[in-house]
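Trainee: Below is the file query39.txt, with compact mmCIF, C-alpha atoms.
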# COMPACT_ATOMS: atom_id res chain seq x y z
CA ARG Y 8 103.63 69.81 118.00
CA HIS Y 9 103.32 73.49 118.97
CA GLU Y 10 99.63 73.48 118.10
CA GLU Y 11 99.09 70.40 120.28
CA LEU Y 12 100.79 72.05 123.25
CA ILE Y 13 98.83 75.25 122.80
CA SER Y 14 95.55 73.37 122.32
CA ALA Y 15 96.12 71.35 125.51
CA ALA Y 16 97.00 74.45 127.52
CA LEU Y 17 93.92 76.30 126.28
CA ALA Y 18 91.66 73.28 126.87
CA GLU Y 19 92.74 73.20 130.53
CA ARG Y 20 91.27 76.70 130.81
CA GLY Y 21 88.14 75.99 128.78
CA ILE Y 22 89.31 77.98 125.77
CA ALA Y 23 88.74 76.53 122.31
CA LEU Y 24 91.45 76.56 119.67
CA PHE Y 25 89.95 77.15 116.24
CA GLY Y 26 93.17 76.45 114.34
CA SER Y 27 96.43 78.17 113.57
CA LEU Y 28 97.78 79.92 110.53
CA PRO Y 29 101.23 78.96 109.29
CA ALA Y 30 103.61 81.57 107.93
CA ASN Y 31 103.08 82.06 104.22
CA GLY Y 32 105.24 84.28 102.03
CA ASP Y 33 102.42 84.70 99.51
CA ILE Y 34 100.48 86.93 101.89
CA GLU Y 35 103.32 88.95 103.41
CA ILE Y 36 102.85 92.68 103.07
CA PRO Y 37 106.13 94.11 101.83
CA SER Y 38 107.89 96.54 104.12
CA ARG Y 39 109.85 99.66 103.39
CA HIS Y 40 111.64 102.11 105.61
CA LEU Y 41 109.45 103.39 108.44
CA GLY Y 42 106.70 100.83 107.88
CA LEU Y 43 104.70 98.70 105.51
CA VAL Y 44 103.66 99.35 101.93
CA GLN Y 45 100.18 100.91 102.12
CA ALA Y 46 97.05 99.17 100.86
CA ALA Y 47 96.51 101.88 98.22
CA ASP Y 48 99.93 101.09 96.74
CA LEU Y 49 99.13 97.37 96.72
CA VAL Y 50 95.85 98.11 94.93
CA ALA Y 51 97.65 100.26 92.36
CA SER Y 52 100.18 97.50 91.67
CA GLY Y 53 97.48 94.83 91.38
CA ALA Y 54 98.95 92.87 94.30
CA LEU Y 55 96.19 93.28 96.88
CA GLU Y 56 93.38 91.16 95.41
CA PRO Y 57 95.57 88.06 94.81
CA MET Y 58 96.96 88.46 98.34
CA ILE Y 59 93.44 88.59 99.81
CA ASP Y 60 92.45 85.50 97.79
CA LYS Y 61 95.49 83.57 99.06
CA ALA Y 62 94.78 84.67 102.64
CA ALA Y 63 91.17 83.44 102.31
CA GLU Y 64 92.40 80.06 101.05
CA LEU Y 65 94.84 79.81 103.95
CA VAL Y 66 92.14 80.64 106.50
CA ALA Y 67 89.72 78.11 104.99
CA ALA Y 68 92.38 75.39 105.01
CA HIS Y 69 93.66 75.91 108.56
CA LEU Y 70 90.80 77.28 110.67
CA ASP Y 71 87.56 75.63 111.74
CA LEU Y 72 85.23 78.25 110.30
CA GLY Y 73 82.11 76.36 111.44
CA ALA Y 74 83.32 76.37 115.04
CA ILE Y 75 84.17 80.07 114.82
CA GLU Y 76 80.70 80.83 113.48
CA SER Y 77 79.06 78.72 116.20
CA ALA Y 78 81.04 80.51 118.91
CA PHE Y 79 80.02 83.94 117.66
CA THR Y 80 77.39 85.45 119.96
CA GLY Y 81 76.93 88.78 118.25
CA ILE Y 82 78.23 92.27 118.67
CA PRO Y 83 76.45 94.69 121.00
CA ALA Y 84 74.61 97.49 119.22
CA PRO Y 85 76.66 100.70 119.13
CA ALA Y 86 75.69 103.69 121.21
CA ALA Y 87 73.85 106.58 119.57
CA GLY Y 88 77.10 107.88 118.12
CA PRO Y 89 80.76 106.93 118.00
CA THR Y 90 82.78 107.54 121.14
CA ILE Y 91 85.63 109.73 120.01
CA LEU Y 92 87.87 112.57 120.91
CA PRO Y 93 85.96 115.83 120.49
CA PRO Y 94 86.77 117.63 117.23
CA PRO Y 95 89.64 120.10 117.59
CA GLY Y 96 87.68 122.75 115.66
CA GLN Y 97 84.52 123.39 113.68
CA ARG Y 98 86.10 123.50 110.21
CA LEU Y 99 88.89 120.94 109.91
CA ALA Y 100 91.28 120.93 106.95
CA ILE Y 101 92.71 117.41 106.55
CA ALA Y 102 95.59 116.61 104.18
CA ARG Y 103 94.68 113.49 102.17
CA ASP Y 104 96.68 111.96 99.38
CA ALA Y 105 99.46 109.41 98.80
CA ALA Y 106 101.85 111.39 101.03
CA PHE Y 107 99.38 111.77 103.93
CA GLY Y 108 97.39 108.57 104.10
CA PHE Y 109 97.27 107.71 107.80
CA SER Y 110 94.11 109.48 108.93
CA TYR Y 111 91.70 107.22 110.79
CA GLU Y 112 88.23 106.92 109.27
CA HIS Y 113 86.50 106.26 112.60
CA LEU Y 114 87.98 109.48 113.94
CA MET Y 115 86.87 111.47 110.88
CA ALA Y 116 83.38 109.92 111.12
CA GLY Y 117 83.21 110.79 114.82
CA TRP Y 118 84.18 114.39 114.18
CA ARG Y 119 81.53 114.64 111.44
CA TYR Y 120 78.97 113.11 113.81
CA ALA Y 121 79.89 115.75 116.40
CA GLY Y 122 79.12 118.47 113.85
CA ALA Y 123 82.58 119.33 112.51
CA GLU Y 124 83.06 120.07 108.83
CA ILE Y 125 85.86 117.99 107.26
CA MET Y 126 87.58 119.71 104.32
CA ASN Y 127 90.11 117.47 102.57
CA PHE Y 128 92.94 118.94 100.54
CA SER Y 129 95.86 117.42 98.64
CA PRO Y 130 99.37 118.76 99.22
CA LEU Y 131 100.63 116.64 96.30
CA ALA Y 132 98.16 118.44 94.02
CA ASP Y 133 99.56 121.71 95.47
CA GLU Y 134 96.32 122.57 97.20
CA ALA Y 135 96.50 124.96 100.14
CA PRO Y 136 94.44 124.21 103.23
CA PRO Y 137 91.12 126.08 102.95
CA PRO Y 138 91.61 129.55 104.43
CA ASN Y 139 88.41 129.30 106.49
CA ALA Y 140 89.71 126.25 108.41
CA ASP Y 141 90.14 126.74 112.13
CA PHE Y 142 92.29 123.62 112.47
CA ILE Y 143 94.70 121.97 110.01
CA PHE Y 144 95.70 118.32 110.36
CA LEU Y 145 98.63 116.80 108.46
CA PRO Y 146 98.35 113.05 109.17
CA GLY Y 147 101.19 110.62 109.00
CA GLY Y 148 102.12 108.93 105.76
CA TYR Y 149 105.13 108.84 103.50
CA PRO Y 150 105.98 112.42 102.53
CA GLU Y 151 109.61 111.35 102.20
CA LEU Y 152 108.63 109.39 99.07
CA HIS Y 153 107.31 112.59 97.44
CA LEU Y 154 109.88 115.19 98.48
CA PRO Y 155 110.57 116.85 95.09
CA LYS Y 156 106.84 117.38 94.48
CA LEU Y 157 106.10 118.56 98.02
CA SER Y 158 109.03 120.97 98.07
CA ARG Y 159 107.68 122.60 94.86
CA ALA Y 160 104.09 122.75 96.16
CA SER Y 161 104.15 126.50 96.78
CA ASN Y 162 100.38 126.88 97.27
CA PHE Y 163 100.45 124.18 99.93
CA LEU Y 164 103.55 125.42 101.77
CA GLU Y 165 102.59 129.10 101.59
CA GLY Y 166 99.05 128.21 102.64
CA LEU Y 167 100.42 126.55 105.78
CA GLN Y 168 102.62 129.57 106.51
CA GLU Y 169 99.73 131.99 106.02
CA ALA Y 170 97.50 129.88 108.26
CA ALA Y 171 100.16 129.93 110.98
CA THR Y 172 100.40 133.73 110.66
CA ARG Y 173 96.62 133.98 111.10
CA GLY Y 174 96.91 131.88 114.26
CA THR Y 175 95.19 128.79 112.86
CA ARG Y 176 96.10 125.74 114.89
CA ILE Y 177 98.15 123.25 112.87
CA TYR Y 178 98.83 119.69 113.96
CA GLY Y 179 101.25 117.36 112.19
CA GLU Y 180 101.46 113.69 113.08
CA CYS Y 181 104.58 111.66 112.22
CA GLY Y 182 105.21 112.39 108.52
CA GLY Y 183 102.94 115.40 108.74
CA TYR Y 184 105.07 116.74 111.59
CA MET Y 185 108.19 116.28 109.47
CA VAL Y 186 106.69 118.49 106.75
CA LEU Y 187 106.22 121.31 109.27
CA GLY Y 188 110.01 121.53 109.75
CA GLU Y 189 112.64 123.37 107.72
CA THR Y 190 113.74 120.48 105.51
CA ILE Y 191 113.46 116.76 105.00
CA ILE Y 192 116.61 115.00 103.85
CA ASP Y 193 116.09 112.06 101.53
CA ALA Y 194 117.92 108.72 101.65
CA LYS Y 195 120.65 110.09 99.34
CA GLY Y 196 121.31 113.07 101.61
CA THR Y 197 119.52 115.68 99.48
CA PRO Y 198 117.62 118.28 101.53
CA TYR Y 199 114.17 119.46 100.41
CA ALA Y 200 112.63 122.64 101.79
CA MET Y 201 109.39 122.20 103.70
CA ALA Y 202 107.06 124.59 105.57
CA GLY Y 203 109.63 125.96 108.05
CA LEU Y 204 107.12 126.30 110.89
CA LEU Y 205 109.20 124.50 113.51
CA ALA Y 206 112.32 126.67 113.28
Using structure tokens, write down the structure that the file contains.

Mentor:
Amino acid sequence: RHEELISAALAERGIALFGSLPANGDIEIPSRHLGLVQAADLVASGALEPMIDKAAELVAAHLDLGAIESAFTGIPAPAAGPTILPPPGQRLAIARDAAFGFSYEHLMAGWRYAGAEIMNFSPLADEAPPPNADFIFLPGGYPELHLPKLSRASNFLEGLQEAATRGTRIYGECGGYMVLGETIIDAKGTPYAMAGLLA
């Protein structure tokens, strides 16, 4: 009944309805505090591929794929390079691992295209940001799921502190910002020492 009402309303405005997808628990991405379980975790658990297969079956059963394909008129060719924010430095140190997984690939690609050097490092592997970086980026993610390991990552934490002393610009986004503070307190109330740069 809802689909009929929506279809009629769209038809009055010359808009085609290609179908509708019903709710399906088999393709729900599980949530956890502060967000959804990340794709990398679903891959590691073996849950992602079956979920994608079930989603494909659902789409094939409920959408008119032929009509969608017929309506497709193409995508305009991209400009010479991606339109992005200019890189915040020439040599960018980017934290990348299971604790800091929310960097955006189109942004990284745009910065590379603009001539910036991207240097990834892993706080969970206790890697310090490269000392020649002129900008350090700690993306969002789930550092709170890795607090014991991060709090013992002395090379990483001391590397951040040394970079701050040198005047290197450091930007933390969401979870990355949390790591720049004095401590993060876990769900049980246990505090874990972090970089202490926001005191």

Trainee: What residues have an atom no more than 9 Å from (88.6, 76.1, 114.7) in the file's own frame, counting all atoms listed in the file, and can you write them as a ChimeraX atom specification?

Mentor: /Y:23-27,69-75

Trainee: Could you write out that same residue set with C-alpha atoms as a PDB file, in the frame of the given file?

Mentor:
ATOM      1  CA  ALA Y  23      88.740  76.530 122.310  1.00  0.00           C
ATOM      2  CA  LEU Y  24      91.450  76.560 119.670  1.00  0.00           C
ATOM      3  CA  PHE Y  25      89.950  77.150 116.240  1.00  0.00           C
ATOM      4  CA  GLY Y  26      93.170  76.450 114.340  1.00  0.00           C
ATOM      5  CA  SER Y  27      96.430  78.170 113.570  1.00  0.00           C
ATOM      6  CA  HIS Y  69      93.660  75.910 108.560  1.00  0.00           C
ATOM      7  CA  LEU Y  70      90.800  77.280 110.670  1.00  0.00           C
ATOM      8  CA  ASP Y  71      87.560  75.630 111.740  1.00  0.00           C
ATOM      9  CA  LEU Y  72      85.230  78.250 110.300  1.00  0.00           C
ATOM     10  CA  GLY Y  73      82.110  76.360 111.440  1.00  0.00           C
ATOM     11  CA  ALA Y  74      83.320  76.370 115.040  1.00  0.00           C
ATOM     12  CA  ILE Y  75      84.170  80.070 114.820  1.00  0.00           C
TER      13      ILE Y  75
END

Trainee: So what do you get for CA of Phe142 (chain Y) versus CA of Tyr178 (chain Y), distance-wise?

Mentor: 7.8 Å

Trainee: Could you list, as a PyMOL selection string, every residue within 9 Å of region 149-154 of chain Y, counting only C-alpha atoms and ignoring same-chain residues fewer than 3 positions away?

Mentor: chain Y and resi 41+105-108+131+157-159+182-183+185-186+191-194+198-201

Trainee: Go through Y:Leu205, Y:Met126, Y:Met58, Y:Ala132 and flag the residue nearest Asn162 (chain Y), using all atoms listed in the file for the distances.

Mentor: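 Ranking Y:Leu205, Y:Met126, Y:Met58, Y:Ala132 by distance to Asn162 (chain Y), first place goes to Y:Ala132.
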
Trainee: Nearest residue to Gln168 (chain Y) out of Y:Ala123, Y:Ala15, Y:Cys181, Y:Leu187, using all atoms listed in the file?

Mentor: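 Nearest to Gln168 (chain Y): Y:Leu187.
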
Trainee: For CA of Glu76 (chain Y) and CA of Ala54 (chain Y), determine how far apart the two atoms are, in Å to one decimal place.

Mentor: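 Atom-to-atom, CA of Glu76 (chain Y) to CA of Ala54 (chain Y), that is 29.1 Å.
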
Trainee: I'd like the neighbourhood of Thr175 (chain Y) as a list in words, where a residue qualifies if any of its atoms comes within 9 Å (using only C-alpha atoms), though same-chain residues fewer than 6 positions away should be ignored.

Mentor: Ala140, Asp141, Phe142, Ile143 and Glu169 of chain Y

Trainee: List as a ChimeraX atom specification the protein and nucleic acid residues near Leu92 (chain Y), meaning an atom at most 8 Å away when all atoms listed in the file are counted, but skip any in the same chain fewer than 2 places from it.

Mentor: /Y:90,94,114,117-118

Trainee: Any idea what the distance is between CA of Ser129 (chain Y) and CA of Gly179 (chain Y)?

Mentor: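 A separation of 14.6 Å between them.
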
Trainee: Y:Gly174, Y:Gly122, Y:Pro29, Y:Gly81: which is nearest Gly96 (chain Y), counting only C-alpha atoms?

Mentor: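 Ranking Y:Gly174, Y:Gly122, Y:Pro29, Y:Gly81 by distance to Gly96 (chain Y), first place goes to Y:Gly122.
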
Trainee: Give me the residues near Phe109 (chain Y) as a VMD selection string, where near means some atom within 6 Å (using all atoms listed in the file) and where sequence neighbours in that chain fewer than 4 positions away do not count.

Mentor: chain Y and resid 146 to 148

Trainee: Write out the residues from the selection above, keeping C-alpha atoms, as a CSV table (one decimal), in the coordinates of the input.

Mentor:
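Written out: result.csv:
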chain,number,residue,atom,x,y,z
Y,146,PRO,CA,98.4,113.0,109.2
Y,147,GLY,CA,101.2,110.6,109.0
Y,148,GLY,CA,102.1,108.9,105.8

Trainee: For Pro138 (chain Y), which residue out of Y:Arg119, Y:Arg173, Y:His9, Y:Arg20 is the nearest one, using all atoms listed in the file?

Mentor: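 Answer, going by the shortest atom-to-atom distance: Y:Arg173.
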